[in-house]
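Peer 1: Before we start, here is the structure in question, set down as structure tokens.
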Amino acid sequence: MEEYSDKVKDHYMHPRNTGVIENPSGEGTVGNPVCGDIMTIYINVDENDVLTDVKFSTFGCGAAIATSSMITEMAVGMTVDEAYQITRNDVAEELDGLPPIKLHCSNLAADALQAAIDNYRAKKDGEL
């Protein structure tokens, strides 16, 4: 059995920023068909392009829930451009690592945040 860090266990048992933001500035959903994890990130952005609220809803394993929770904590207070730069490895490192078989979960968290930011930018530019 793979061993999880205390941070992963904490974010799984006590996830932060769960739920849905009604009428979000941006929303991104990604999934991994191999493992069945599906993750949606919702963001609110202020007039200075700062993320003021980030929430998630995730259907998936404990690592998917933990990475979703962690990325919301990492992104709040960042500008859109800063948050877009959060990498898959950044999320795993903030959680003090993930078992190799679960690294795809941190990929989902970073990808979902980037999808939400892409959605926000498209709305802002009048493309949606």
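To be explicit about the labels: the chains of the structure tokens are called A, B, and onward in the order shown, and within each one the residues are counted from 1, while ligands get numbers from 1 in the order they are shown.
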List as a list in words the protein and nucleic acid residues near stretch 14-19 of chain A, meaning an atom at most 9 Å away when only C-alpha atoms are counted, but skip any in the same chain fewer than 3 places from it.

Peer 2: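 In the requested form, the answer reads Lys9, Asp10, His11, Tyr42, Asp53, Val54, Lys55, Phe56, Ser57, Thr58, Ile65, Ala66, Ser68, Ser69, Met70, Thr72 and Glu73 of chain A.
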
Peer 1: Mind checking which residues fall within 9 Å of A:Asn44, counting only C-alpha atoms, ignoring those fewer than 5 positions away in the same chain, and posting them as a PyMOL selection string?

Peer 2: chain A and resi 21+23-26+50-54+120

Peer 1: Give me a file of those residues, with all heavy atoms, as a PDB file, in the first residue's frame.

Peer 2:
```
ATOM      1  N   ILE A  21     -19.051  27.950  -6.794  1.00  0.00           N
ATOM      2  CA  ILE A  21     -19.247  29.395  -6.809  1.00  0.00           C
ATOM      3  C   ILE A  21     -20.324  29.675  -7.848  1.00  0.00           C
ATOM      4  O   ILE A  21     -20.162  29.318  -9.027  1.00  0.00           O
ATOM      5  CB  ILE A  21     -17.943  30.144  -7.175  1.00  0.00           C
ATOM      6  CG1 ILE A  21     -16.864  29.908  -6.120  1.00  0.00           C
ATOM      7  CG2 ILE A  21     -18.224  31.643  -7.347  1.00  0.00           C
ATOM      8  CD1 ILE A  21     -15.503  30.503  -6.477  1.00  0.00           C
ATOM      9  N   ASN A  23     -22.224  31.737 -10.512  1.00  0.00           N
ATOM     10  CA  ASN A  23     -21.779  32.774 -11.447  1.00  0.00           C
ATOM     11  C   ASN A  23     -20.297  33.107 -11.281  1.00  0.00           C
ATOM     12  O   ASN A  23     -19.932  34.255 -11.033  1.00  0.00           O
ATOM     13  CB  ASN A  23     -22.626  34.039 -11.298  1.00  0.00           C
ATOM     14  CG  ASN A  23     -24.099  33.754 -11.500  1.00  0.00           C
ATOM     15  OD1 ASN A  23     -24.466  33.136 -12.487  1.00  0.00           O
ATOM     16  ND2 ASN A  23     -24.911  34.179 -10.559  1.00  0.00           N
ATOM     17  N   PRO A  24     -19.419  32.105 -11.400  1.00  0.00           N
ATOM     18  CA  PRO A  24     -17.995  32.342 -11.204  1.00  0.00           C
ATOM     19  C   PRO A  24     -17.405  33.178 -12.332  1.00  0.00           C
ATOM     20  O   PRO A  24     -17.955  33.242 -13.436  1.00  0.00           O
ATOM     21  CB  PRO A  24     -17.403  30.930 -11.216  1.00  0.00           C
ATOM     22  CG  PRO A  24     -18.302  30.173 -12.130  1.00  0.00           C
ATOM     23  CD  PRO A  24     -19.679  30.734 -11.844  1.00  0.00           C
ATOM     24  N   SER A  25     -16.271  33.795 -12.055  1.00  0.00           N
ATOM     25  CA  SER A  25     -15.520  34.494 -13.102  1.00  0.00           C
ATOM     26  C   SER A  25     -15.009  33.500 -14.139  1.00  0.00           C
ATOM     27  O   SER A  25     -14.901  33.814 -15.322  1.00  0.00           O
ATOM     28  CB  SER A  25     -14.334  35.238 -12.497  1.00  0.00           C
ATOM     29  OG  SER A  25     -14.736  36.159 -11.517  1.00  0.00           O
ATOM     30  N   GLY A  26     -14.677  32.297 -13.666  1.00  0.00           N
ATOM     31  CA  GLY A  26     -14.196  31.243 -14.552  1.00  0.00           C
ATOM     32  C   GLY A  26     -14.446  29.883 -13.942  1.00  0.00           C
ATOM     33  O   GLY A  26     -14.549  29.742 -12.724  1.00  0.00           O
ATOM     34  N   VAL A  50      -6.911  39.512  -9.520  1.00  0.00           N
ATOM     35  CA  VAL A  50      -6.490  38.688  -8.387  1.00  0.00           C
ATOM     36  C   VAL A  50      -7.591  37.686  -8.067  1.00  0.00           C
ATOM     37  O   VAL A  50      -8.782  38.038  -8.019  1.00  0.00           O
ATOM     38  CB  VAL A  50      -6.177  39.570  -7.152  1.00  0.00           C
ATOM     39  CG1 VAL A  50      -5.902  38.712  -5.924  1.00  0.00           C
ATOM     40  CG2 VAL A  50      -4.985  40.476  -7.436  1.00  0.00           C
ATOM     41  N   LEU A  51      -7.192  36.449  -7.841  1.00  0.00           N
ATOM     42  CA  LEU A  51      -8.156  35.410  -7.463  1.00  0.00           C
ATOM     43  C   LEU A  51      -8.590  35.652  -6.016  1.00  0.00           C
ATOM     44  O   LEU A  51      -7.776  35.556  -5.103  1.00  0.00           O
ATOM     45  CB  LEU A  51      -7.531  34.022  -7.597  1.00  0.00           C
ATOM     46  CG  LEU A  51      -7.263  33.612  -9.046  1.00  0.00           C
ATOM     47  CD1 LEU A  51      -5.924  32.948  -9.186  1.00  0.00           C
ATOM     48  CD2 LEU A  51      -8.351  32.707  -9.529  1.00  0.00           C
ATOM     49  N   THR A  52      -9.854  35.979  -5.839  1.00  0.00           N
ATOM     50  CA  THR A  52     -10.376  36.267  -4.502  1.00  0.00           C
ATOM     51  C   THR A  52     -11.056  35.061  -3.880  1.00  0.00           C
ATOM     52  O   THR A  52     -11.197  34.990  -2.667  1.00  0.00           O
ATOM     53  CB  THR A  52     -11.380  37.430  -4.550  1.00  0.00           C
ATOM     54  OG1 THR A  52     -12.436  37.096  -5.460  1.00  0.00           O
ATOM     55  CG2 THR A  52     -10.690  38.720  -4.993  1.00  0.00           C
ATOM     56  N   ASP A  53     -11.488  34.115  -4.709  1.00  0.00           N
ATOM     57  CA  ASP A  53     -12.129  32.903  -4.203  1.00  0.00           C
ATOM     58  C   ASP A  53     -11.873  31.787  -5.197  1.00  0.00           C
ATOM     59  O   ASP A  53     -11.962  31.996  -6.414  1.00  0.00           O
ATOM     60  CB  ASP A  53     -13.639  33.124  -4.023  1.00  0.00           C
ATOM     61  CG  ASP A  53     -14.302  32.043  -3.184  1.00  0.00           C
ATOM     62  OD1 ASP A  53     -13.586  31.230  -2.556  1.00  0.00           O
ATOM     63  OD2 ASP A  53     -15.545  32.004  -3.156  1.00  0.00           O
ATOM     64  N   VAL A  54     -11.535  30.613  -4.678  1.00  0.00           N
ATOM     65  CA  VAL A  54     -11.326  29.432  -5.506  1.00  0.00           C
ATOM     66  C   VAL A  54     -11.980  28.268  -4.776  1.00  0.00           C
ATOM     67  O   VAL A  54     -11.690  28.026  -3.610  1.00  0.00           O
ATOM     68  CB  VAL A  54      -9.819  29.140  -5.728  1.00  0.00           C
ATOM     69  CG1 VAL A  54      -9.634  27.932  -6.643  1.00  0.00           C
ATOM     70  CG2 VAL A  54      -9.095  30.354  -6.280  1.00  0.00           C
ATOM     71  N   TYR A 120     -12.099  32.141 -17.788  1.00  0.00           N
ATOM     72  CA  TYR A 120     -12.187  33.533 -17.330  1.00  0.00           C
ATOM     73  C   TYR A 120     -11.658  34.485 -18.406  1.00  0.00           C
ATOM     74  O   TYR A 120     -12.286  35.495 -18.735  1.00  0.00           O
ATOM     75  CB  TYR A 120     -11.399  33.711 -16.028  1.00  0.00           C
ATOM     76  CG  TYR A 120     -11.038  35.137 -15.723  1.00  0.00           C
ATOM     77  CD1 TYR A 120     -12.010  36.057 -15.327  1.00  0.00           C
ATOM     78  CD2 TYR A 120      -9.729  35.587 -15.847  1.00  0.00           C
ATOM     79  CE1 TYR A 120     -11.672  37.386 -15.063  1.00  0.00           C
ATOM     80  CE2 TYR A 120      -9.379  36.904 -15.581  1.00  0.00           C
ATOM     81  CZ  TYR A 120     -10.356  37.793 -15.199  1.00  0.00           C
ATOM     82  OH  TYR A 120     -10.032  39.099 -14.947  1.00  0.00           O
TER      83      TYR A 120
END
```

Peer 1: Chain A: which residues are alpha helix (DSSP H) by DSSP, as a ChimeraX atom specification?

Peer 2: /A:6-13,62-75,80-84,88-94,103-124

Peer 1: Name the residues in contact with stretch 80-83 of chain A at a cut-off of 10 Å, using only C-alpha atoms, excluding same-chain residues fewer than 2 positions from it; report them as a PyMOL selection string.

Peer 2: chain A and resi 43+45-46+48-51+71-72+74-78+85-87+110+113-114+117-118+120-121

Peer 1: For A:Val8, which of A:Thr40, A:Gly60, A:Asp96, A:Val34 is the closest residue, counting only C-alpha atoms?

Peer 2: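 Going through A:Thr40, A:Gly60, A:Asp96, A:Val34 one by one, the smallest distance to A:Val8 is for A:Asp96.
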
Peer 1: In chain A, what's strand (DSSP E or B) per DSSP? Answer as a ChimeraX atom specification?

Peer 2: /A:18,26-32,37-45,50-59,79

Peer 1: Could you list, as a compact mmCIF listing (two decimals) with N, CA, C and O atoms, in the first residue's frame, every residue within 12 Å of A:His104, counting only C-alpha atoms and ignoring same-chain residues fewer than 4 positions away?

Peer 2:
```txt
# COMPACT_ATOMS: atom_id res chain seq x y z
N VAL A 30 -11.91 19.09 -15.71
CA VAL A 30 -11.05 18.13 -16.38
C VAL A 30 -11.31 16.75 -15.78
O VAL A 30 -11.81 16.64 -14.66
N GLY A 31 -10.95 15.73 -16.53
CA GLY A 31 -11.13 14.38 -16.04
C GLY A 31 -10.04 13.48 -16.55
O GLY A 31 -9.37 13.78 -17.54
N ASN A 32 -9.86 12.38 -15.86
CA ASN A 32 -8.91 11.36 -16.27
C ASN A 32 -9.70 10.09 -16.52
O ASN A 32 -10.14 9.43 -15.57
N PRO A 33 -9.93 9.73 -17.79
CA PRO A 33 -10.74 8.55 -18.09
C PRO A 33 -10.14 7.24 -17.58
O PRO A 33 -10.87 6.30 -17.33
N VAL A 34 -8.82 7.21 -17.38
CA VAL A 34 -8.17 5.99 -16.90
C VAL A 34 -8.61 5.66 -15.48
O VAL A 34 -8.98 4.54 -15.17
N CYS A 35 -8.57 6.67 -14.58
CA CYS A 35 -8.90 6.41 -13.18
C CYS A 35 -10.32 6.85 -12.82
O CYS A 35 -10.82 6.50 -11.76
N GLY A 36 -10.95 7.65 -13.69
CA GLY A 36 -12.32 8.07 -13.43
C GLY A 36 -12.46 9.33 -12.61
O GLY A 36 -13.57 9.75 -12.28
N ASP A 37 -11.34 9.98 -12.25
CA ASP A 37 -11.41 11.22 -11.47
C ASP A 37 -11.92 12.36 -12.34
O ASP A 37 -11.50 12.50 -13.49
N ILE A 38 -12.82 13.17 -11.78
CA ILE A 38 -13.33 14.36 -12.45
C ILE A 38 -13.25 15.51 -11.46
O ILE A 38 -13.66 15.38 -10.32
N GLY A 60 -13.47 11.65 -7.05
CA GLY A 60 -12.25 10.90 -7.27
C GLY A 60 -11.66 10.36 -5.98
O GLY A 60 -12.29 10.41 -4.92
N CYS A 61 -10.44 9.91 -6.10
CA CYS A 61 -9.74 9.28 -4.98
C CYS A 61 -9.28 10.33 -3.97
O CYS A 61 -9.39 11.53 -4.20
N ALA A 63 -6.29 11.24 -3.17
CA ALA A 63 -5.24 12.12 -3.68
C ALA A 63 -5.84 13.21 -4.57
O ALA A 63 -5.38 14.35 -4.55
N ALA A 64 -6.88 12.90 -5.34
CA ALA A 64 -7.53 13.91 -6.18
C ALA A 64 -8.18 14.98 -5.31
O ALA A 64 -8.10 16.18 -5.60
N THR A 67 -5.30 17.12 -3.73
CA THR A 67 -4.67 18.05 -4.66
C THR A 67 -5.62 19.20 -5.01
O THR A 67 -5.18 20.34 -5.16
N ARG A 88 2.11 21.17 -12.03
CA ARG A 88 1.73 19.88 -11.45
C ARG A 88 2.67 19.52 -10.30
O ARG A 88 2.24 19.06 -9.26
N ASN A 89 3.96 19.76 -10.51
CA ASN A 89 4.95 19.45 -9.47
C ASN A 89 4.80 20.36 -8.26
O ASN A 89 5.03 19.91 -7.13
N VAL A 91 2.08 21.47 -6.93
CA VAL A 91 1.00 20.94 -6.10
C VAL A 91 1.49 19.74 -5.30
O VAL A 91 1.30 19.66 -4.08
N ALA A 92 2.16 18.82 -5.97
CA ALA A 92 2.68 17.63 -5.29
C ALA A 92 3.69 18.01 -4.21
O ALA A 92 3.67 17.46 -3.11
N LEU A 98 3.56 12.88 -3.43
CA LEU A 98 2.49 11.91 -3.66
C LEU A 98 3.13 10.61 -4.12
O LEU A 98 4.18 10.63 -4.76
N PRO A 99 2.49 9.48 -3.83
CA PRO A 99 3.00 8.22 -4.39
C PRO A 99 3.02 8.33 -5.92
O PRO A 99 2.12 8.94 -6.50
N PRO A 100 4.03 7.76 -6.58
CA PRO A 100 4.13 7.89 -8.04
C PRO A 100 2.85 7.50 -8.77
O PRO A 100 2.49 8.14 -9.76
N LEU A 108 -4.31 16.78 -12.63
CA LEU A 108 -5.68 17.22 -12.79
C LEU A 108 -5.91 18.56 -12.11
O LEU A 108 -6.58 19.44 -12.66
N ALA A 109 -5.37 18.74 -10.92
CA ALA A 109 -5.59 19.99 -10.18
C ALA A 109 -5.02 21.18 -10.95
O ALA A 109 -5.70 22.20 -11.13
N ALA A 110 -3.80 21.07 -11.43
CA ALA A 110 -3.18 22.17 -12.19
C ALA A 110 -3.93 22.39 -13.49
O ALA A 110 -4.18 23.53 -13.89
N ASP A 111 -4.32 21.32 -14.16
CA ASP A 111 -5.04 21.44 -15.42
C ASP A 111 -6.42 22.09 -15.22
O ASP A 111 -6.86 22.90 -16.04
```
